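Structure file final_7.cif (mmCIF, C-alpha atoms and all ligand atoms) is printed below.
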data_work
#
loop_
_atom_site.label_atom_id
_atom_site.label_comp_id
_atom_site.auth_asym_id
_atom_site.auth_seq_id
_atom_site.Cartn_x
_atom_site.Cartn_y
_atom_site.Cartn_z
CA MET A 1 112.90 113.74 116.30
CA SER A 2 109.16 113.97 117.06
CA GLY A 3 106.07 116.12 116.57
CA ARG A 4 106.02 115.66 112.79
CA THR A 5 102.99 114.83 110.66
CA VAL A 6 103.73 111.50 108.95
CA ILE A 7 101.54 109.82 106.33
CA VAL A 8 102.04 106.04 106.14
CA THR A 9 100.28 104.21 103.32
CA GLY A 10 99.51 100.52 103.76
CA ALA A 11 99.42 100.95 107.54
CA SER A 12 97.01 98.07 108.12
CA SER A 13 99.63 95.30 108.08
CA GLY A 14 103.26 94.28 107.65
CA ILE A 15 105.96 96.93 107.21
CA GLY A 16 103.45 99.80 107.11
CA GLU A 17 101.80 98.87 110.39
CA ALA A 18 105.18 98.50 112.12
CA THR A 19 106.36 101.80 110.63
CA ALA A 20 103.25 103.70 111.72
CA ARG A 21 103.66 102.28 115.22
CA ALA A 22 107.34 103.26 115.35
CA PHE A 23 106.63 106.87 114.30
CA GLY A 24 103.67 107.10 116.68
CA LEU A 25 105.66 105.78 119.63
CA ALA A 26 108.41 108.29 118.82
CA GLY A 27 105.87 111.10 119.31
CA ASP A 28 104.87 111.89 115.72
CA ARG A 29 101.29 112.44 114.50
CA VAL A 30 100.62 109.55 112.16
CA VAL A 31 98.08 109.40 109.34
CA LEU A 32 97.13 105.75 108.90
CA THR A 33 95.74 104.84 105.53
CA ALA A 34 94.73 101.57 103.80
CA ARG A 35 91.46 99.83 102.89
CA ARG A 36 90.90 97.70 106.03
CA VAL A 37 89.62 100.40 108.36
CA ASP A 38 89.01 98.04 111.32
CA ARG A 39 92.74 97.25 111.48
CA LEU A 40 93.65 100.93 111.17
CA GLN A 41 91.28 101.83 114.01
CA ARG A 42 92.79 99.17 116.25
CA LEU A 43 96.26 100.59 115.58
CA ALA A 44 95.04 104.17 116.08
CA ALA A 45 93.79 103.24 119.55
CA ASP A 46 97.47 102.76 120.54
CA LEU A 47 98.69 105.97 118.87
CA PRO A 48 97.43 109.24 120.34
CA GLU A 49 96.87 112.02 117.79
CA SER A 50 96.76 109.64 114.85
CA LEU A 51 94.26 110.02 112.02
CA VAL A 52 92.62 107.12 110.16
CA ILE A 53 91.77 107.57 106.48
CA GLN A 54 90.25 104.62 104.69
CA ALA A 55 91.29 104.72 101.03
CA ASP A 56 91.85 102.45 98.07
CA LEU A 57 94.88 103.92 96.34
CA THR A 58 93.91 102.42 92.99
CA GLN A 59 90.77 104.60 92.90
CA PRO A 60 90.68 108.09 91.37
CA GLY A 61 90.58 110.87 93.95
CA ALA A 62 92.05 108.79 96.80
CA VAL A 63 95.38 110.63 96.86
CA ASP A 64 93.85 114.13 96.95
CA ARG A 65 91.47 113.05 99.70
CA ILE A 66 94.28 111.65 101.88
CA VAL A 67 96.41 114.77 101.52
CA GLY A 68 93.41 117.13 101.86
CA GLU A 69 92.15 115.49 105.08
CA THR A 70 95.69 115.45 106.50
CA LEU A 71 96.21 119.16 105.86
CA ASN A 72 92.75 119.99 107.25
CA ARG A 73 93.61 118.25 110.48
CA TYR A 74 97.32 119.07 110.96
CA GLN A 75 98.07 121.95 108.48
CA THR A 76 101.51 120.54 107.56
CA ILE A 77 103.03 117.30 106.30
CA GLU A 78 106.65 116.59 107.21
CA VAL A 79 107.03 112.93 106.16
CA LEU A 80 105.38 110.71 103.55
CA VAL A 81 106.06 106.96 103.59
CA ASN A 82 104.97 105.42 100.28
CA ASN A 83 104.70 101.87 101.55
CA ALA A 84 101.43 100.32 100.24
CA GLY A 85 102.18 97.73 97.60
CA ILE A 86 101.37 94.28 96.29
CA GLY A 87 103.27 91.60 94.41
CA GLN A 88 101.36 89.14 92.28
CA TYR A 89 104.07 86.61 91.63
CA ASN A 90 103.08 84.55 88.63
CA TRP A 91 104.06 83.67 85.08
CA ILE A 92 103.38 86.73 82.91
CA GLU A 93 100.75 85.02 80.70
CA ARG A 94 98.80 84.00 83.83
CA LEU A 95 98.19 87.59 84.90
CA THR A 96 95.05 89.36 83.76
CA GLU A 97 95.09 92.88 82.36
CA GLU A 98 93.21 94.05 85.45
CA GLU A 99 95.77 92.50 87.81
CA ILE A 100 98.60 94.20 85.93
CA GLN A 101 96.82 97.59 85.95
CA THR A 102 96.10 97.31 89.68
CA GLU A 103 99.68 96.44 90.57
CA VAL A 104 101.14 99.26 88.47
CA THR A 105 98.64 101.78 89.82
CA LEU A 106 99.17 100.86 93.48
CA ASN A 107 102.95 100.34 93.43
CA LEU A 108 103.99 103.11 91.07
CA ILE A 109 101.31 105.63 90.07
CA ALA A 110 99.94 106.17 93.59
CA PRO A 111 103.38 106.93 95.13
CA ILE A 112 104.10 109.40 92.31
CA LEU A 113 100.74 111.15 92.81
CA LEU A 114 101.20 111.22 96.59
CA ALA A 115 104.69 112.71 96.29
CA ARG A 116 103.32 115.39 93.96
CA ALA A 117 100.41 116.11 96.29
CA VAL A 118 102.48 116.57 99.48
CA LEU A 119 105.11 118.73 97.81
CA PRO A 120 103.40 122.14 98.01
CA SER A 121 103.24 121.82 101.81
CA MET A 122 106.84 120.55 102.07
CA LEU A 123 108.27 123.15 99.67
CA ALA A 124 106.46 125.96 101.47
CA GLN A 125 108.29 124.95 104.67
CA GLN A 126 111.49 124.02 102.77
CA ARG A 127 111.38 120.88 104.85
CA GLY A 128 110.14 117.37 104.25
CA VAL A 129 111.09 113.75 103.66
CA ILE A 130 109.49 111.40 101.15
CA ILE A 131 110.40 107.76 101.74
CA ASN A 132 109.63 105.28 98.98
CA VAL A 133 109.55 101.58 99.82
CA SER A 134 110.97 99.87 96.74
CA SER A 135 112.58 96.41 96.88
CA VAL A 136 115.76 94.58 95.92
CA ALA A 137 113.47 93.33 93.11
CA GLY A 138 113.54 96.92 91.82
CA ARG A 139 117.29 96.51 91.18
CA ILE A 140 117.35 92.88 89.98
CA GLY A 141 114.88 91.41 87.48
CA VAL A 142 113.44 88.11 88.68
CA PRO A 143 111.38 85.63 86.62
CA THR A 144 107.71 85.36 87.78
CA MET A 145 108.00 88.82 89.38
CA ALA A 146 108.11 90.87 86.16
CA ILE A 147 105.35 93.36 86.98
CA TYR A 148 106.52 93.76 90.56
CA CYS A 149 110.10 94.33 89.33
CA ALA A 150 108.85 96.86 86.78
CA THR A 151 106.95 98.87 89.40
CA LYS A 152 109.75 98.76 91.97
CA SER A 153 112.41 99.73 89.43
CA GLY A 154 110.07 102.52 88.27
CA LEU A 155 109.98 103.68 91.87
CA HIS A 156 113.80 103.53 91.93
CA GLY A 157 113.94 105.74 88.82
CA ILE A 158 111.52 108.38 90.03
CA SER A 159 113.10 108.45 93.48
CA GLU A 160 116.59 109.04 92.14
CA ALA A 161 115.39 111.77 89.77
CA LEU A 162 113.27 113.46 92.44
CA TYR A 163 116.10 113.30 94.98
CA ARG A 164 118.26 115.26 92.55
CA GLU A 165 115.41 117.65 91.68
CA LEU A 166 114.18 118.38 95.21
CA ARG A 167 117.23 118.15 97.48
CA PRO A 168 118.42 121.67 96.56
CA ARG A 169 114.90 122.92 97.44
CA GLY A 170 114.89 121.48 100.96
CA VAL A 171 112.98 118.23 100.43
CA HIS A 172 114.67 114.82 100.79
CA VAL A 173 113.60 111.79 98.77
CA CYS A 174 114.84 108.49 100.24
CA THR A 175 114.40 104.98 98.92
CA ILE A 176 114.64 101.81 100.91
CA TYR A 177 115.18 98.52 99.06
CA PRO A 178 114.35 95.65 101.41
CA GLY A 179 115.23 92.07 100.53
CA GLY A 180 113.07 89.42 102.19
CA VAL A 181 110.97 90.56 105.15
CA LYS A 182 109.20 88.13 107.48
CA GLY A 183 105.85 88.64 109.18
CA THR A 184 104.06 90.35 106.29
CA GLU A 185 100.87 89.37 104.49
CA SER A 186 102.39 89.83 101.02
CA GLY A 187 104.60 86.78 101.54
CA LYS A 188 101.55 84.51 101.99
CA ARG A 189 99.96 85.50 98.65
CA LYS A 190 102.70 84.34 96.25
CA ARG A 191 101.28 82.06 93.57
CA VAL A 192 104.67 80.96 92.28
CA ARG A 193 107.68 80.71 94.58
CA LEU A 194 111.08 80.80 92.96
CA GLY A 195 112.87 80.35 96.23
CA GLU A 196 113.05 82.29 99.42
CA ALA A 197 115.75 83.29 101.86
CA PRO A 198 115.54 81.38 105.16
CA ASP A 199 113.90 83.21 108.04
CA TRP A 200 117.20 83.95 109.76
CA LEU A 201 118.36 85.92 106.69
CA ARG A 202 115.17 87.98 106.55
CA LEU A 203 114.47 91.18 108.43
CA SER A 204 111.49 91.62 110.73
CA THR A 205 108.91 94.31 109.99
CA LYS A 206 110.07 96.07 113.16
CA GLN A 207 113.66 96.21 111.90
CA VAL A 208 112.55 97.69 108.55
CA ALA A 209 110.31 100.15 110.41
CA GLY A 210 113.29 101.27 112.51
CA MET A 211 115.28 101.87 109.32
CA ILE A 212 112.45 103.93 107.81
CA VAL A 213 112.21 106.10 110.94
CA SER A 214 115.98 106.60 110.90
CA LEU A 215 115.75 107.71 107.24
CA ALA A 216 113.18 110.31 108.28
CA ASP A 217 115.53 111.49 111.06
CA ARG A 218 118.74 111.41 109.02
CA PRO A 219 117.75 111.24 105.35
CA ARG A 220 119.95 109.54 102.79
CA PRO A 221 119.01 108.85 99.19
CA ARG A 222 119.18 105.07 99.12
CA ARG A 223 119.43 102.15 101.49
CA ILE A 224 119.54 98.47 100.48
CA VAL A 225 118.71 96.17 103.41
CA PRO A 226 119.95 93.76 104.66
CA TRP A 227 123.44 94.98 103.62
CA PHE A 228 124.44 91.76 101.85
CA PHE A 229 122.03 92.52 99.00
CA SER A 230 124.25 95.48 98.00
CA PRO A 231 126.98 93.23 96.52
CA VAL A 232 124.25 91.12 94.85
CA VAL A 233 122.88 94.27 93.15
CA ALA A 234 126.45 95.21 92.14
CA ILE A 235 127.02 91.74 90.61
CA ASN A 236 123.75 92.08 88.66
CA ASN A 237 124.98 95.40 87.25
CA LEU A 238 128.50 94.23 86.45
CA LEU A 239 127.88 90.60 85.43
CA PRO A 240 124.22 90.38 84.35
CA GLY A 241 124.92 87.19 82.35
CA LEU A 242 125.80 85.38 85.55
CA VAL A 243 122.55 86.41 87.23
CA ASP A 244 120.62 85.54 84.02
CA ALA A 245 121.95 81.97 84.28
CA VAL A 246 121.18 81.56 87.99
CA THR A 247 117.63 82.98 87.82
CA MET A 248 116.75 81.08 84.61
CA ARG A 249 117.87 77.82 86.19
CA ALA A 250 115.69 78.51 89.24
CA ALA A 251 112.69 79.29 86.99
CA ARG A 252 113.23 76.07 85.01
CA ARG A 253 113.31 74.06 88.25
CA VAL A 254 110.02 75.61 89.41
CA ARG A 255 108.38 75.04 85.99
CA ARG A 256 109.37 71.35 86.09
CA ALA A 257 108.01 70.96 89.62
CA GLN A 258 104.72 72.65 88.72
CA PRO A 259 102.85 70.48 86.21
CA SER A 260 100.38 73.27 85.38
CA ALA A 261 103.12 75.84 84.65
CA PRO A 262 103.24 77.28 81.13
CA THR A 263 105.83 75.54 78.92
N1 LIG A 301 107.54 91.58 102.43
C1 LIG A 301 108.67 91.69 101.77
O1 LIG A 301 109.49 90.75 101.76
C2 LIG A 301 109.00 92.96 101.03
C3 LIG A 301 110.28 93.10 100.47
C4 LIG A 301 110.57 94.28 99.79
C5 LIG A 301 109.64 95.27 99.66
N2 LIG A 301 108.39 95.11 100.20
C6 LIG A 301 107.43 96.19 100.02
O2 LIG A 301 106.99 96.63 101.29
C7 LIG A 301 105.71 97.24 101.17
C8 LIG A 301 104.78 96.69 102.26
O3 LIG A 301 104.56 95.32 102.00
P1 LIG A 301 104.35 94.22 103.12
O4 LIG A 301 105.29 93.11 102.79
O5 LIG A 301 104.36 94.83 104.47
O6 LIG A 301 102.90 93.68 102.69
P2 LIG A 301 101.48 93.59 103.38
O7 LIG A 301 101.60 93.09 104.78
O8 LIG A 301 100.65 92.81 102.41
O9 LIG A 301 100.99 95.11 103.40
C9 LIG A 301 100.55 95.76 102.22
C10 LIG A 301 99.79 96.99 102.61
O10 LIG A 301 99.32 97.64 101.41
C11 LIG A 301 97.94 97.95 101.57
N3 LIG A 301 97.22 97.93 100.29
C12 LIG A 301 97.09 96.88 99.44
N4 LIG A 301 96.29 97.21 98.42
C13 LIG A 301 95.90 98.50 98.63
C14 LIG A 301 95.06 99.41 97.94
N5 LIG A 301 94.44 99.06 96.79
N6 LIG A 301 94.88 100.66 98.44
C15 LIG A 301 95.49 101.03 99.60
N7 LIG A 301 96.31 100.22 100.30
C16 LIG A 301 96.49 98.96 99.82
C17 LIG A 301 97.41 96.85 102.49
O11 LIG A 301 96.26 97.32 103.18
P3 LIG A 301 94.72 96.96 102.84
O12 LIG A 301 94.70 95.56 102.30
O13 LIG A 301 94.04 97.12 104.15
O14 LIG A 301 94.31 98.00 101.85
C18 LIG A 301 98.56 96.67 103.46
O15 LIG A 301 98.45 97.60 104.51
C19 LIG A 301 105.22 96.94 99.75
O16 LIG A 301 105.43 98.06 98.93
C20 LIG A 301 106.14 95.80 99.32
O17 LIG A 301 106.31 95.74 97.93
C21 LIG A 301 108.05 93.97 100.89
#
As structure tokens:
Amino acid sequence: MSGRTVIVTGASSGIGEATARAFGLAGDRVVLTARRVDRLQRLAADLPESLVIQADLTQPGAVDRIVGETLNRYQTIEVLVNNAGIGQYNWIERLTEEEIQTEVTLNLIAPILLARAVLPSMLAQQRGVIINVSSVAGRIGVPTMAIYCATKSGLHGISEALYRELRPRGVHVCTIYPGGVKGTESGKRKRVRLGEAPDWLRLSTKQVAGMIVSLADRPRPRRIVPWFFSPVVAINNLLPGLVDAVTMRAARRVRRAQPSAPT
């Protein structure tokens, strides 16, 4: 499919940049939004008919401005990719109130407000796809990732509810739950590392981007990627005590190896 208006948040790096590129190369009009405008402009130079909107999604008014400028330019919105997000991996008592507020606002409140803001246009056409980028961490609680897990499982909850609310009215809500992804900036910012899948088990940003574009073409409510995380999520649901033991042991090992870790 092509010729759609697609908003991609967090288009300045990682999964968002690859996704914006994939939509643009498929012939869609892409709205590129993030804070680092220089990176967005460089990407826009490769994507004819794209629109750059610099915005900090934690600031009041940002969502209405993005949707308003998009409608002014293109009149319709067919696809929204709620991708922008951060993960401040740390022990809970090491996070400041401001860090927690920022993470919740960016990862959860902004996607909710954006979905609400694009809906009038999508419902008027009885056509539209909202794709939320959650995470396997939204289905499995992981020590040192508590706030991230909370926001991504919040996104899981709203996505499932909205899918059931909006599907009969012509709008699809899809959620993608990636496991580890290589080649992103978020991976470099982790302050505590509980363990990471080896590179060969992780997807590239281009692979995740391809999956997001295919969700826009053939929407389905949920997709856990890579596939082998689906049984892991099922085990967490059926045998949470087993996953408690494994994750607590990993956290203990990291605490012992990190002399400054809280006791
Ligand atoms: N990497 C993984 O292994 C993985 C796994 C599962 C899910 N995810 C999810 O995938 C999404 C993309 O992450 P990524 O790994 O590609 O990370 P990334 O390379 O760090 O990209 C994050 C994007 O979010 C934007 N952003 C950050 N703060 C923002 C703010 N206040 N306002 C507006 N935009 C902001 C960044 O742009 P600016 O800094 O220019 O604003 C950047 O474009 C996130 O939701 C993440 O949780 C990632």
For chain A versus ligand LIG 301 (chain A), which residues have an atom no more than 6 Å away, and what is each residue's nearest atom pair and distance in Å rounded to one decimal, using all atoms listed in the file, chain-then-number order, as a Markdown table?
| residue | atom | partner | partner_atom | distance |
| --- | --- | --- | --- | --- |
| A:Gly10 | CA | A:LIG301 | O15 | 3.2 |
| A:Ala11 | CA | A:LIG301 | O15 | 4.6 |
| A:Ser12 | CA | A:LIG301 | O15 | 3.9 |
| A:Ser13 | CA | A:LIG301 | O15 | 4.4 |
| A:Gly14 | CA | A:LIG301 | O5 | 3.4 |
| A:Ile15 | CA | A:LIG301 | O5 | 3.8 |
| A:Gly16 | CA | A:LIG301 | O5 | 5.7 |
| A:Ala34 | CA | A:LIG301 | N7 | 4.1 |
| A:Arg35 | CA | A:LIG301 | O14 | 3.5 |
| A:Arg36 | CA | A:LIG301 | O13 | 3.7 |
| A:Ala55 | CA | A:LIG301 | C15 | 5.8 |
| A:Asp56 | CA | A:LIG301 | N6 | 3.5 |
| A:Leu57 | CA | A:LIG301 | N6 | 3.9 |
| A:Thr58 | CA | A:LIG301 | N5 | 5.1 |
| A:Asn83 | CA | A:LIG301 | O16 | 4.7 |
| A:Ala84 | CA | A:LIG301 | O10 | 3.6 |
| A:Gly85 | CA | A:LIG301 | O16 | 3.5 |
| A:Ile86 | CA | A:LIG301 | O17 | 5.4 |
| A:Val133 | CA | A:LIG301 | O16 | 5.5 |
| A:Ser134 | CA | A:LIG301 | C5 | 5.6 |
| A:Ser135 | CA | A:LIG301 | C4 | 4.1 |
| A:Pro178 | CA | A:LIG301 | C4 | 4.3 |
| A:Gly179 | CA | A:LIG301 | C3 | 5.1 |
| A:Gly180 | CA | A:LIG301 | O1 | 3.8 |
| A:Val181 | CA | A:LIG301 | O1 | 3.7 |
| A:Thr184 | CA | A:LIG301 | O7 | 4.0 |
| A:Glu185 | CA | A:LIG301 | O7 | 3.8 |
| A:Ser186 | CA | A:LIG301 | O8 | 3.7 |
| A:Gly187 | CA | A:LIG301 | N1 | 5.7 |
**Study point:** Which of A:Pro198, A:Gly61, A:Gly3, A:Gly27 sits closest to Ala117 of chain A [using all atoms listed in the file]
**Key:** A:Gly61
Practice item. Name all residues at most 7 Å from Thr5 of chain A (count all atoms listed in the file; drop same-chain ones fewer than 3 positions away) and give them as a ChimeraX atom specification. Key: /A:28-30,76-79
Show me, as a PDB file with C-alpha atoms, in the coordinates of the input, the residues that have an atom within 12 Å of Pro221 of chain A when counting all atoms listed in the file, minus same-chain residues fewer than 2 positions from it.
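Contents of result_10.pdb, as written:
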ATOM      1  CA  VAL A 129     111.090 113.750 103.660  1.00  0.00           C
ATOM      2  CA  ILE A 130     109.490 111.400 101.150  1.00  0.00           C
ATOM      3  CA  ILE A 131     110.400 107.760 101.740  1.00  0.00           C
ATOM      4  CA  ASN A 132     109.630 105.280  98.980  1.00  0.00           C
ATOM      5  CA  VAL A 133     109.550 101.580  99.820  1.00  0.00           C
ATOM      6  CA  HIS A 156     113.800 103.530  91.930  1.00  0.00           C
ATOM      7  CA  GLY A 157     113.940 105.740  88.820  1.00  0.00           C
ATOM      8  CA  ILE A 158     111.520 108.380  90.030  1.00  0.00           C
ATOM      9  CA  SER A 159     113.100 108.450  93.480  1.00  0.00           C
ATOM     10  CA  GLU A 160     116.590 109.040  92.140  1.00  0.00           C
ATOM     11  CA  ALA A 161     115.390 111.770  89.770  1.00  0.00           C
ATOM     12  CA  LEU A 162     113.270 113.460  92.440  1.00  0.00           C
ATOM     13  CA  TYR A 163     116.100 113.300  94.980  1.00  0.00           C
ATOM     14  CA  ARG A 164     118.260 115.260  92.550  1.00  0.00           C
ATOM     15  CA  LEU A 166     114.180 118.380  95.210  1.00  0.00           C
ATOM     16  CA  ARG A 167     117.230 118.150  97.480  1.00  0.00           C
ATOM     17  CA  VAL A 171     112.980 118.230 100.430  1.00  0.00           C
ATOM     18  CA  HIS A 172     114.670 114.820 100.790  1.00  0.00           C
ATOM     19  CA  VAL A 173     113.600 111.790  98.770  1.00  0.00           C
ATOM     20  CA  CYS A 174     114.840 108.490 100.240  1.00  0.00           C
ATOM     21  CA  THR A 175     114.400 104.980  98.920  1.00  0.00           C
ATOM     22  CA  ILE A 176     114.640 101.810 100.910  1.00  0.00           C
ATOM     23  CA  TYR A 177     115.180  98.520  99.060  1.00  0.00           C
ATOM     24  CA  ILE A 212     112.450 103.930 107.810  1.00  0.00           C
ATOM     25  CA  LEU A 215     115.750 107.710 107.240  1.00  0.00           C
ATOM     26  CA  ALA A 216     113.180 110.310 108.280  1.00  0.00           C
ATOM     27  CA  ARG A 218     118.740 111.410 109.020  1.00  0.00           C
ATOM     28  CA  PRO A 219     117.750 111.240 105.350  1.00  0.00           C
ATOM     29  CA  ARG A 223     119.430 102.150 101.490  1.00  0.00           C
ATOM     30  CA  ILE A 224     119.540  98.470 100.480  1.00  0.00           C
TER      31      ILE A 224
END
Check your understanding: Near Val104 of chain A, counting only C-alpha atoms, which residues have an atom at most 9 Å away, once you skip same-chain residues fewer than 5 positions from it, shown as a list of chain:residue names?
Key -> A:Glu99, A:Ile109, A:Ala110, A:Ile147, A:Tyr148, A:Ala150, A:Thr151
Saved selection, atoms kept: C-alpha atoms, as a JSON list (two decimals), in the coordinates of the input:
[["chain", "number", "residue", "atom", "x", "y", "z"],
["A", 99, "GLU", "CA", 95.77, 92.50, 87.81],
["A", 109, "ILE", "CA", 101.31, 105.63, 90.07],
["A", 110, "ALA", "CA", 99.94, 106.17, 93.59],
["A", 147, "ILE", "CA", 105.35, 93.36, 86.98],
["A", 148, "TYR", "CA", 106.52, 93.76, 90.56],
["A", 150, "ALA", "CA", 108.85, 96.86, 86.78],
["A", 151, "THR", "CA", 106.95, 98.87, 89.40]]
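Nearest to Ala44 of chain A of all the residues A:Met122, A:Leu113, A:Leu25, A:Ile66 is A:Leu25, based on only C-alpha atoms.
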Review point. Atom CA of Asn82 of chain A to atom CA of Ala137 of chain A: how many Å, to one decimal?
Key: 16.4 Å
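Here atom CA of Ser2 of chain A and atom CA of Phe23 of chain A stand 8.0 Å from one another.
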So for segment 145-159 of chain A, what box centre and size do we get, axis-aligned, 4 Å extra on each of the six sides, every listed atom, Å to one decimal, as JSON?
{"center_x": 109.6, "center_y": 98.6, "center_z": 89.8, "size_x": 16.6, "size_y": 27.6, "size_z": 15.3}
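Between atom CA of Ile100 of chain A and atom CA of Pro262 of chain A lies a distance of 18.2 Å.
For Asn236 of chain A, the set of protein, DNA and RNA residues having any atom at most 12 Å away, when counting all atoms listed in the file and skipping those fewer than 5 positions along the same chain, is Val136, Ala137, Gly138, Arg139, Ile140, Gly141, Val142, Phe229, Ser230, Pro231, Gly241, Leu242, Val243, Asp244, Ala245, Val246 and Thr247 of chain A.
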Check your understanding: When distances are computed from only C-alpha atoms, which of A:Gly170, A:Gly87, A:Pro143, A:Pro226 shows the smallest separation from Ala124 of chain A?
Key -> A:Gly170
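Restricting the calculation to only C-alpha atoms, the smallest distance between Glu93 of chain A and any of A:Ala22, A:Ala62, A:Val67, A:Ala146 is found for A:Ala146.
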Review point. Which of these, A:Arg255, A:Arg65, A:Arg21, A:Arg193, has the shortest distance to Leu47 of chain A once you count all atoms listed in the file?
Key: A:Arg21
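For the set A:Gly154, A:Met145, A:Val213, A:Gly24, the residue with the smallest atom-to-atom gap to Leu43 of chain A is A:Gly24, counting all atoms listed in the file.
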